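What follows is a single structure, written as structure tokens, with notes after it.
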Amino acid sequence: MHNLKLIRKDFEAFKKALEKRSLDIDLSKIKKLDIENRELIQKKENFEKEKKEISKSKDKSLFSKSKEISSSLEKIVEKQKSIKNDLEKILSNIPNVPHEDVPFGKDENDNLEIEKFGEIPDFDFRPKSHYELGENLGMLDFELASKTTGSRFVFVKNKLALLERAISNFMLDIHVSKNGYEEISPPLLASADSMFGTGQLPKFENDQFEVKLEEGTERKFLIPTAEVILTNIVKDKIIEAKVLPLRFVASTPCFRKEAGSYGKDTKGMIRQHQFYKVEMVSIVEQDKCLEELERMTNCATNILDLLKLPYRKVILCSGDMGFSAEKTYDIEVWLPSENKYREISSCSSCSTFQATRMKARYKDQKKEISYVGTLNGSGLAIGRTLIAILENYQQKDGSITIPKVLRPYMNNLEKISLN
RNA sequence: GGAGAGAUGGCUGAGCGGUUGAAAGCACCGGUCUUGAAAACCGGCAAAGGGGCAACUCUUUCCUGGGUUCGAAUCCCAGUCUCUCCGCCA
């Protein structure tokens with residue numbers, strides 16, 4: 001959410017910043033509502049002051065006048081509320097403004113590759129896709145999932161289930177012991193309020209799974225990413241600057257409707273309604289966002305280095321960034337069967353955008369209160385890491401060599417094969 | 001599912017119709033003392049919004065939304081959330 005006070009100072013600058021998002025927001029409407037709102041606030045406050053004075057005076061002869069004021073006040077308050085409401089509705093649907101580092105672009109084709117890392121494996125046979133490999137091993141079962149549940153789900157079985165668990169534990173261990181993140185095992189449901197805080201609501205309600213609880217109670221949603229829960233840890237808080245930065249990591253299932261991606265990645269487990277992901281979240285002083293973004297991105301790529309998987313780092317263009325982000329790096333891992341890089345992590349700085357929505361603030365050394373900066377990044381998507389390992393570590397006979405760093409997590413198993 | 005209790009500032013916790021934005025304590029900041037620190041003592045310390053170049057000033061806020069009243073943290077109604085006990089259950 002944008003701070004109206006700042007927008008007010010320079011409408012044109014705000015408009016320009018949003019144009020980078022290829023959005024044409026009707027700022028004149030905001031401007032008009034803002035002015036009306038403030039006029040009504042002033043009127044309201046004058047009446048309130050008058051009332052207050054009467055009640056303080058305890059002068060009975062003025063009591064009837066106070067009643068009169070009350071009735072005119074009522075109308076003003078009602079109008080002011082509705083205008084404020086309209087204003088907030090508009091503001092809550094406007095995405096974050098891209099940072100100046102972010103290249104202008106329309107969609108994913110305009111993203112910029114920054115650097116490539118690792119060695120692309122050179123197979124002397126046609127590399128199979130992860131689903132061929134997994135199904136041949138009898139350890140990925142999509143048919144079974146559609147029987148028990150529906151499309152876009154999968155059963156991971158046997159040694160691949162162990163591998164999946166190993167990946168999760170390995171990543172968590174690194175982030176906790178080397179990167180200074182606090183491990184959290186959070187709720188997998190989030191309140192509507194939390195979903196608003198991180199920007200999933202109101203605009204992206206269609207992508208979310210809502211869970212029916214008791215009639216009349218607060219709405220709850222399955223988390224599309226642990227970012228929602230981890231970031232909302234600081235919701236409605238005023239934090240002492242000295243405890244910042246806060247860094248949290250969690251490995252959780254994520255749930256997404258993937259509405260609007262019909263026909264996209266229908267085969268295999270690239271795009272599922274449910275997947276595991278290790279998520280990092282940082283809460284920082286607002287001017288530390290960008291340096292924390294570099295740090296966080298390095299935490300993510302470090303995992304790929306350790307797994308010896310080839311990848312590239314990409315900076316997203318203005319048109320491809322998520323709603324809450326000011327700057328995003330995607331990490332893409334090499335998938336031999338597709339002969340291209342695919343997203344395995346996305347690290348974003350959300351500046352104070354989410355903090356404003358959440359009312360997450362901190363008190364700095366000068367005792368001034370300002371909004372925190374929030375960042376989130378996958379470290380990494382577990383399902384996609386599994387895919388990448390299957391494809392990059394596959395052998396001619398369809399077996400999978402296990403990356404060395406994962407073996408301690410798998411009873412020192414070196415290879416997954418049919419026998 | 002049954003029966004109760006509660007929701008107050010960064011935290012703990014008083015107040016239960018009229019300068020109460022709210023006692024007290026903790027935490028925090030500044031000062032005195034000290035070689036330094038601690039202790040002790042003194043002082044300061046809520047947020048949001050509006051107006052003003054500024055000093056400053058005004059309004060709102062004691063879970064949320066209604067109501068009663070000239071006046072509500074305090075009374076009434078509705079809702080949400082939390083906790084305790086019993087039952088059921090991983």
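As shown in the structure tokens, the chain order sets the letters A, B, ...; within each chain, residues go from 1, and ligands are also counted from 1 in the order they appear.
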
Nearby residues (only C-alpha atoms (C1' of nucleotides)) at most 6 Å from segment 8-21 of chain B, same-chain spacing under 4 positions excluded, as a ChimeraX atom specification:
/B:46,62,74

Find the residues of chain A that sit at most 12 Å from chain B; for each, write down the nearest two atoms and how far apart they are in Å, to one decimal. Count only C-alpha atoms (C1' of nucleotides). Sort by chain, then by number going up, and give it as CSV.
```
residue,atom,partner,partner_atom,distance
A:Leu4,CA,B:G49,C1',11.7
A:Lys5,CA,B:G49,C1',10.7
A:Ile35,CA,B:G50,C1',11.6
A:Asn37,CA,B:G50,C1',10.1
A:Arg38,CA,B:G50,C1',7.0
A:Glu39,CA,B:G50,C1',9.0
A:Leu40,CA,B:G50,C1',9.8
A:Ile41,CA,B:G50,C1',6.6
A:Gln42,CA,B:G50,C1',6.4
A:Lys43,CA,B:G50,C1',10.0
A:Lys44,CA,B:U59,C1',8.4
A:Glu45,CA,B:U59,C1',5.2
A:Asn46,CA,B:U59,C1',8.2
A:Phe47,CA,B:U59,C1',9.8
A:Glu48,CA,B:U59,C1',7.4
A:Lys49,CA,B:U59,C1',7.5
A:Glu50,CA,B:U59,C1',11.1
A:Lys51,CA,B:C70,C1',8.2
A:Lys52,CA,B:G71,C1',7.9
A:Glu53,CA,B:C70,C1',9.9
A:Ile54,CA,B:C70,C1',6.8
A:Ser55,CA,B:G71,C1',5.1
A:Lys56,CA,B:G18,C1',7.4
A:Ser57,CA,B:C70,C1',9.2
A:Lys58,CA,B:C70,C1',7.0
A:Asp59,CA,B:C70,C1',8.0
A:Lys60,CA,B:C70,C1',7.1
A:Ser61,CA,B:C70,C1',9.2
A:Leu62,CA,B:C70,C1',7.4
A:Phe63,CA,B:C70,C1',4.4
A:Ser64,CA,B:C70,C1',7.4
A:Lys65,CA,B:C70,C1',8.6
A:Ser66,CA,B:C70,C1',6.3
A:Lys67,CA,B:C70,C1',7.5
A:Glu68,CA,B:C70,C1',10.8
A:Ile69,CA,B:C70,C1',11.0
A:Ser70,CA,B:C70,C1',10.5
A:Lys84,CA,B:G49,C1',11.9
A:Gly216,CA,B:G79,C1',9.1
A:Thr217,CA,B:U80,C1',7.4
A:Glu218,CA,B:U80,C1',7.7
A:Arg219,CA,B:U80,C1',11.5
A:Asp236,CA,B:A47,C1',11.2
A:Lys237,CA,B:G10,C1',8.8
A:Ile238,CA,B:G10,C1',7.1
A:Ile239,CA,B:G10,C1',7.7
A:Glu240,CA,B:G10,C1',8.2
A:Ala241,CA,B:C28,C1',11.9
A:Lys242,CA,B:C28,C1',11.7
A:Lys359,CA,B:A48,C1',10.8
A:Arg361,CA,B:A47,C1',11.2
A:Tyr362,CA,B:G10,C1',10.4
A:Lys363,CA,B:G10,C1',9.9
A:Gln365,CA,B:C29,C1',9.9
A:Lys366,CA,B:C29,C1',9.8
A:Lys367,CA,B:C29,C1',8.8
A:Glu368,CA,B:A47,C1',11.8
A:Ile369,CA,B:A47,C1',9.7
A:Ser370,CA,B:A47,C1',11.9
```

Interatomic distance, atom CA of Asp110 of chain A to atom CA of Arg295 of chain A (Å, one decimal):
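The value is 24.2 Å.
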
Using DSSP on the backbone, list every residue of segment 16-70 of chain A that comes out as alpha helix (DSSP H), and give them as a PyMOL selection string.
chain A and resi 16-19+27-57+63-70

Can you list every residue in segment 154-248 of chain A that DSSP puts in strand (DSSP E or B), as a PyMOL selection string?
chain A and resi 155-156+182-183+189-191+210-211+220-222+238-240+246-248

Restricted to N, CA, C and O atoms, what would the selected residues look like written as a PDB file, in the first residue's frame?
```
ATOM      1  N   PHE A 155       1.713 -37.802  -6.275  1.00  0.00           N
ATOM      2  CA  PHE A 155       2.264 -38.625  -5.193  1.00  0.00           C
ATOM      3  C   PHE A 155       3.758 -38.742  -5.414  1.00  0.00           C
ATOM      4  O   PHE A 155       4.192 -39.127  -6.503  1.00  0.00           O
ATOM      5  N   VAL A 156       4.513 -38.408  -4.420  1.00  0.00           N
ATOM      6  CA  VAL A 156       5.948 -38.653  -4.449  1.00  0.00           C
ATOM      7  C   VAL A 156       6.182 -39.828  -3.520  1.00  0.00           C
ATOM      8  O   VAL A 156       5.739 -39.805  -2.369  1.00  0.00           O
ATOM      9  N   GLU A 182      16.006 -17.693  11.536  1.00  0.00           N
ATOM     10  CA  GLU A 182      15.350 -18.430  12.620  1.00  0.00           C
ATOM     11  C   GLU A 182      14.320 -19.372  12.012  1.00  0.00           C
ATOM     12  O   GLU A 182      13.459 -18.939  11.236  1.00  0.00           O
ATOM     13  N   GLU A 183      14.408 -20.633  12.394  1.00  0.00           N
ATOM     14  CA  GLU A 183      13.475 -21.607  11.821  1.00  0.00           C
ATOM     15  C   GLU A 183      12.104 -21.497  12.467  1.00  0.00           C
ATOM     16  O   GLU A 183      11.969 -21.410  13.674  1.00  0.00           O
ATOM     17  N   LEU A 189      -2.627 -21.878   7.488  1.00  0.00           N
ATOM     18  CA  LEU A 189      -3.782 -21.051   7.145  1.00  0.00           C
ATOM     19  C   LEU A 189      -3.481 -19.622   7.578  1.00  0.00           C
ATOM     20  O   LEU A 189      -2.830 -19.406   8.589  1.00  0.00           O
ATOM     21  N   ALA A 190      -3.975 -18.698   6.779  1.00  0.00           N
ATOM     22  CA  ALA A 190      -3.769 -17.289   7.109  1.00  0.00           C
ATOM     23  C   ALA A 190      -5.115 -16.584   7.116  1.00  0.00           C
ATOM     24  O   ALA A 190      -6.005 -16.921   6.330  1.00  0.00           O
ATOM     25  N   SER A 191      -5.254 -15.595   7.994  1.00  0.00           N
ATOM     26  CA  SER A 191      -6.485 -14.814   8.031  1.00  0.00           C
ATOM     27  C   SER A 191      -6.523 -13.874   6.826  1.00  0.00           C
ATOM     28  O   SER A 191      -5.491 -13.583   6.219  1.00  0.00           O
ATOM     29  N   GLU A 210      -9.673 -20.786  -0.385  1.00  0.00           N
ATOM     30  CA  GLU A 210     -10.276 -20.373   0.881  1.00  0.00           C
ATOM     31  C   GLU A 210     -10.804 -21.604   1.597  1.00  0.00           C
ATOM     32  O   GLU A 210     -11.335 -22.520   0.979  1.00  0.00           O
ATOM     33  N   VAL A 211     -10.635 -21.607   2.910  1.00  0.00           N
ATOM     34  CA  VAL A 211     -11.086 -22.746   3.703  1.00  0.00           C
ATOM     35  C   VAL A 211     -12.337 -22.361   4.459  1.00  0.00           C
ATOM     36  O   VAL A 211     -12.395 -21.311   5.089  1.00  0.00           O
ATOM     37  N   LYS A 220     -10.518 -17.540   6.203  1.00  0.00           N
ATOM     38  CA  LYS A 220      -9.164 -18.098   6.263  1.00  0.00           C
ATOM     39  C   LYS A 220      -8.770 -18.718   4.928  1.00  0.00           C
ATOM     40  O   LYS A 220      -9.593 -19.237   4.192  1.00  0.00           O
ATOM     41  N   PHE A 221      -7.475 -18.638   4.648  1.00  0.00           N
ATOM     42  CA  PHE A 221      -6.969 -19.120   3.360  1.00  0.00           C
ATOM     43  C   PHE A 221      -5.760 -20.016   3.573  1.00  0.00           C
ATOM     44  O   PHE A 221      -4.948 -19.794   4.477  1.00  0.00           O
ATOM     45  N   LEU A 222      -5.640 -21.028   2.710  1.00  0.00           N
ATOM     46  CA  LEU A 222      -4.412 -21.819   2.686  1.00  0.00           C
ATOM     47  C   LEU A 222      -3.302 -20.920   2.154  1.00  0.00           C
ATOM     48  O   LEU A 222      -3.503 -20.196   1.175  1.00  0.00           O
ATOM     49  N   ILE A 238       5.308  -2.299  16.658  1.00  0.00           N
ATOM     50  CA  ILE A 238       6.362  -1.295  16.620  1.00  0.00           C
ATOM     51  C   ILE A 238       7.586  -1.955  17.221  1.00  0.00           C
ATOM     52  O   ILE A 238       7.592  -2.308  18.397  1.00  0.00           O
ATOM     53  N   ILE A 239       8.600  -2.134  16.409  1.00  0.00           N
ATOM     54  CA  ILE A 239       9.766  -2.918  16.809  1.00  0.00           C
ATOM     55  C   ILE A 239      10.911  -1.988  17.170  1.00  0.00           C
ATOM     56  O   ILE A 239      11.082  -0.943  16.553  1.00  0.00           O
ATOM     57  N   GLU A 240      11.700  -2.359  18.157  1.00  0.00           N
ATOM     58  CA  GLU A 240      12.918  -1.603  18.468  1.00  0.00           C
ATOM     59  C   GLU A 240      13.931  -1.863  17.354  1.00  0.00           C
ATOM     60  O   GLU A 240      14.155  -3.013  16.973  1.00  0.00           O
ATOM     61  N   LEU A 246      15.271  -8.959  11.358  1.00  0.00           N
ATOM     62  CA  LEU A 246      14.698 -10.245  11.737  1.00  0.00           C
ATOM     63  C   LEU A 246      14.739 -11.127  10.497  1.00  0.00           C
ATOM     64  O   LEU A 246      14.411 -10.667   9.404  1.00  0.00           O
ATOM     65  N   ARG A 247      15.182 -12.362  10.681  1.00  0.00           N
ATOM     66  CA  ARG A 247      15.245 -13.275   9.525  1.00  0.00           C
ATOM     67  C   ARG A 247      14.578 -14.595   9.897  1.00  0.00           C
ATOM     68  O   ARG A 247      14.969 -15.232  10.867  1.00  0.00           O
ATOM     69  N   PHE A 248      13.585 -14.968   9.113  1.00  0.00           N
ATOM     70  CA  PHE A 248      12.847 -16.198   9.388  1.00  0.00           C
ATOM     71  C   PHE A 248      12.916 -17.136   8.183  1.00  0.00           C
ATOM     72  O   PHE A 248      12.935 -16.693   7.041  1.00  0.00           O
TER      73      PHE A 248
END
```

At a cut-off of 10 Å, using only C-alpha atoms (C1' of nucleotides), what residues contact Gln354 of chain A? Leave out same-chain residues fewer than 5 positions from it and give the result as a PyMOL selection string.
chain A and resi 1-2+96+196-199+231-232+235+324-325+349+359-360+371-375

Restricting the output to N, CA, C and O atoms, write the selected residues as a short mmCIF file (atom, residue, chain, number, x, y, z; two decimals), in the first residue's frame.
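Final output, saved to selection08.cif:
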```
data_model
loop_
_atom_site.label_atom_id
_atom_site.label_comp_id
_atom_site.auth_asym_id
_atom_site.auth_seq_id
_atom_site.Cartn_x
_atom_site.Cartn_y
_atom_site.Cartn_z
N MET A 1 0.84 -1.19 0.00
CA MET A 1 0.00 0.00 0.00
C MET A 1 0.87 1.23 0.00
O MET A 1 1.90 1.27 0.65
N HIS A 2 0.42 2.18 -0.74
CA HIS A 2 1.20 3.40 -0.82
C HIS A 2 0.78 4.41 0.23
O HIS A 2 -0.39 4.50 0.58
N ASN A 96 3.17 -2.06 -6.00
CA ASN A 96 4.34 -1.30 -5.57
C ASN A 96 5.03 -0.64 -6.76
O ASN A 96 4.91 -1.09 -7.90
N PHE A 196 -4.17 -9.74 3.22
CA PHE A 196 -4.15 -8.36 2.75
C PHE A 196 -2.78 -7.74 2.99
O PHE A 196 -2.22 -7.05 2.13
N GLY A 197 -2.24 -8.03 4.15
CA GLY A 197 -0.96 -7.45 4.54
C GLY A 197 0.15 -7.68 3.54
O GLY A 197 0.94 -6.79 3.23
N THR A 198 0.24 -8.88 3.02
CA THR A 198 1.31 -9.19 2.08
C THR A 198 0.89 -8.95 0.63
O THR A 198 1.72 -9.09 -0.27
N GLY A 199 -0.37 -8.61 0.40
CA GLY A 199 -0.77 -8.20 -0.94
C GLY A 199 -1.51 -9.24 -1.77
O GLY A 199 -1.80 -9.01 -2.93
N THR A 231 5.95 -13.00 7.11
CA THR A 231 6.00 -11.54 7.06
C THR A 231 5.02 -10.94 8.07
O THR A 231 5.33 -9.95 8.73
N ASN A 232 3.87 -11.57 8.20
CA ASN A 232 2.86 -11.03 9.11
C ASN A 232 3.21 -11.21 10.59
O ASN A 232 2.46 -10.77 11.46
N LYS A 235 3.17 -7.87 11.88
CA LYS A 235 1.97 -7.06 11.66
C LYS A 235 1.56 -6.32 12.94
O LYS A 235 1.62 -6.89 14.03
N SER A 324 3.67 -6.78 -4.92
CA SER A 324 4.23 -6.08 -3.76
C SER A 324 5.70 -5.71 -3.92
O SER A 324 6.26 -5.02 -3.08
N ALA A 325 6.34 -6.19 -4.99
CA ALA A 325 7.79 -6.05 -5.10
C ALA A 325 8.22 -4.71 -5.65
O ALA A 325 7.54 -4.10 -6.47
N SER A 349 12.49 -7.58 -2.80
CA SER A 349 12.34 -6.55 -1.79
C SER A 349 10.99 -5.90 -2.01
O SER A 349 10.64 -5.55 -3.12
N LYS A 359 0.88 -2.33 8.87
CA LYS A 359 1.21 -1.45 9.99
C LYS A 359 2.35 -2.03 10.81
O LYS A 359 2.26 -2.20 12.02
N ALA A 360 3.40 -2.39 10.11
CA ALA A 360 4.59 -2.93 10.77
C ALA A 360 5.65 -1.85 10.78
O ALA A 360 6.12 -1.42 9.73
N TYR A 371 8.04 2.81 8.77
CA TYR A 371 7.68 1.46 8.35
C TYR A 371 8.93 0.63 8.08
O TYR A 371 9.93 1.14 7.57
N VAL A 372 8.86 -0.65 8.42
CA VAL A 372 9.99 -1.54 8.15
C VAL A 372 10.03 -1.88 6.66
O VAL A 372 9.09 -1.61 5.93
N GLY A 373 11.13 -2.44 6.23
CA GLY A 373 11.21 -3.00 4.90
C GLY A 373 11.02 -4.51 5.02
O GLY A 373 11.48 -5.11 5.99
N THR A 374 10.32 -5.10 4.06
CA THR A 374 10.15 -6.55 4.11
C THR A 374 10.68 -7.18 2.83
O THR A 374 10.57 -6.61 1.75
N LEU A 375 11.28 -8.35 2.99
CA LEU A 375 11.80 -9.08 1.83
C LEU A 375 11.41 -10.54 1.96
O LEU A 375 11.27 -11.06 3.07
#
```

Gap from atom CA of Ile76 of chain A to atom CA of Arg8 of chain A - Å, one decimal
22.9 Å

With only C-alpha atoms (C1' of nucleotides) as the counted atoms, please give the residues lying no more than 12 Å from C83 of chain B, apart from itself and same-chain residues fewer than 4 positions off, as a list in words.
G4, A5, G6 and A7 of chain B

Those residues you just picked out, can you put them in a file as a CSV table (one decimal), in the first residue's frame with C-alpha atoms (C1' of nucleotides)?
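The resulting again27.csv:
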```csv
chain,number,residue,atom,x,y,z
B,4,G,C1',-17.2,-19.8,32.7
B,5,A,C1',-13.3,-15.5,32.4
B,6,G,C1',-11.2,-11.8,29.7
B,7,A,C1',-9.5,-8.0,25.6
```

Considering only C-alpha atoms (C1' of nucleotides), return as a compact mmCIF listing (two decimals) with N, CA, C and O atoms, in the first residue's frame whatever protein or nucleic-acid residues lie within 7 Å of Thr328 of chain A, sequence-local ones (same chain, fewer than 4 positions apart) excluded.
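And here is the file that came out, result-v2.txt:
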```txt
# COMPACT_ATOMS: atom_id res chain seq x y z
N ILE A 315 17.21 -10.48 -13.43
CA ILE A 315 16.46 -9.41 -12.76
C ILE A 315 15.16 -9.19 -13.52
O ILE A 315 15.17 -9.09 -14.76
N LEU A 316 14.07 -9.20 -12.80
CA LEU A 316 12.78 -9.07 -13.47
C LEU A 316 12.55 -7.64 -13.93
O LEU A 316 12.92 -6.69 -13.25
N MET A 321 7.18 -8.12 -12.52
CA MET A 321 7.32 -8.21 -11.07
C MET A 321 5.99 -8.43 -10.39
O MET A 321 4.95 -8.02 -10.88
N SER A 346 12.60 -16.94 -6.26
CA SER A 346 12.31 -15.56 -6.58
C SER A 346 12.54 -14.78 -5.30
O SER A 346 11.95 -15.09 -4.27
N CYS A 347 13.43 -13.80 -5.36
CA CYS A 347 13.75 -13.03 -4.16
C CYS A 347 13.36 -11.58 -4.40
O CYS A 347 13.80 -10.97 -5.38
N SER A 348 12.54 -11.05 -3.51
CA SER A 348 12.02 -9.71 -3.73
C SER A 348 12.20 -8.82 -2.52
O SER A 348 12.03 -9.25 -1.39
N SER A 349 12.49 -7.58 -2.80
CA SER A 349 12.34 -6.55 -1.79
C SER A 349 10.99 -5.90 -2.01
O SER A 349 10.64 -5.55 -3.12
```

What lies within 9 Å of segment 298-309 of chain A using only C-alpha atoms (C1' of nucleotides), ignoring chain neighbours under 4 positions off, as a VMD selection string?
chain A and resid 117 to 120 170 to 171 174 to 175 179 280 293 to 294 313 331 333 to 334 345 to 347 377 to 380 385 388 to 389 392 to 393 403 to 406

Near-U32 of chain B list (12 Å; only C-alpha atoms (C1' of nucleotides); drop same-chain fewer than 4 positions) as a CSV table (one decimal) with C-alpha atoms (C1' of nucleotides), in the first residue's frame:
```
chain,number,residue,atom,x,y,z
B,40,A,C1',20.3,4.9,43.9
B,41,C,C1',18.1,9.5,42.8
B,42,C,C1',15.9,13.3,39.3
B,43,G,C1',13.6,14.2,34.5
```

Atom CA of Gly322 of chain A and atom CA of Pro95 of chain A are how many Å apart?
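So the two atoms, atom CA of Gly322 of chain A and atom CA of Pro95 of chain A, lie 8.1 Å apart.
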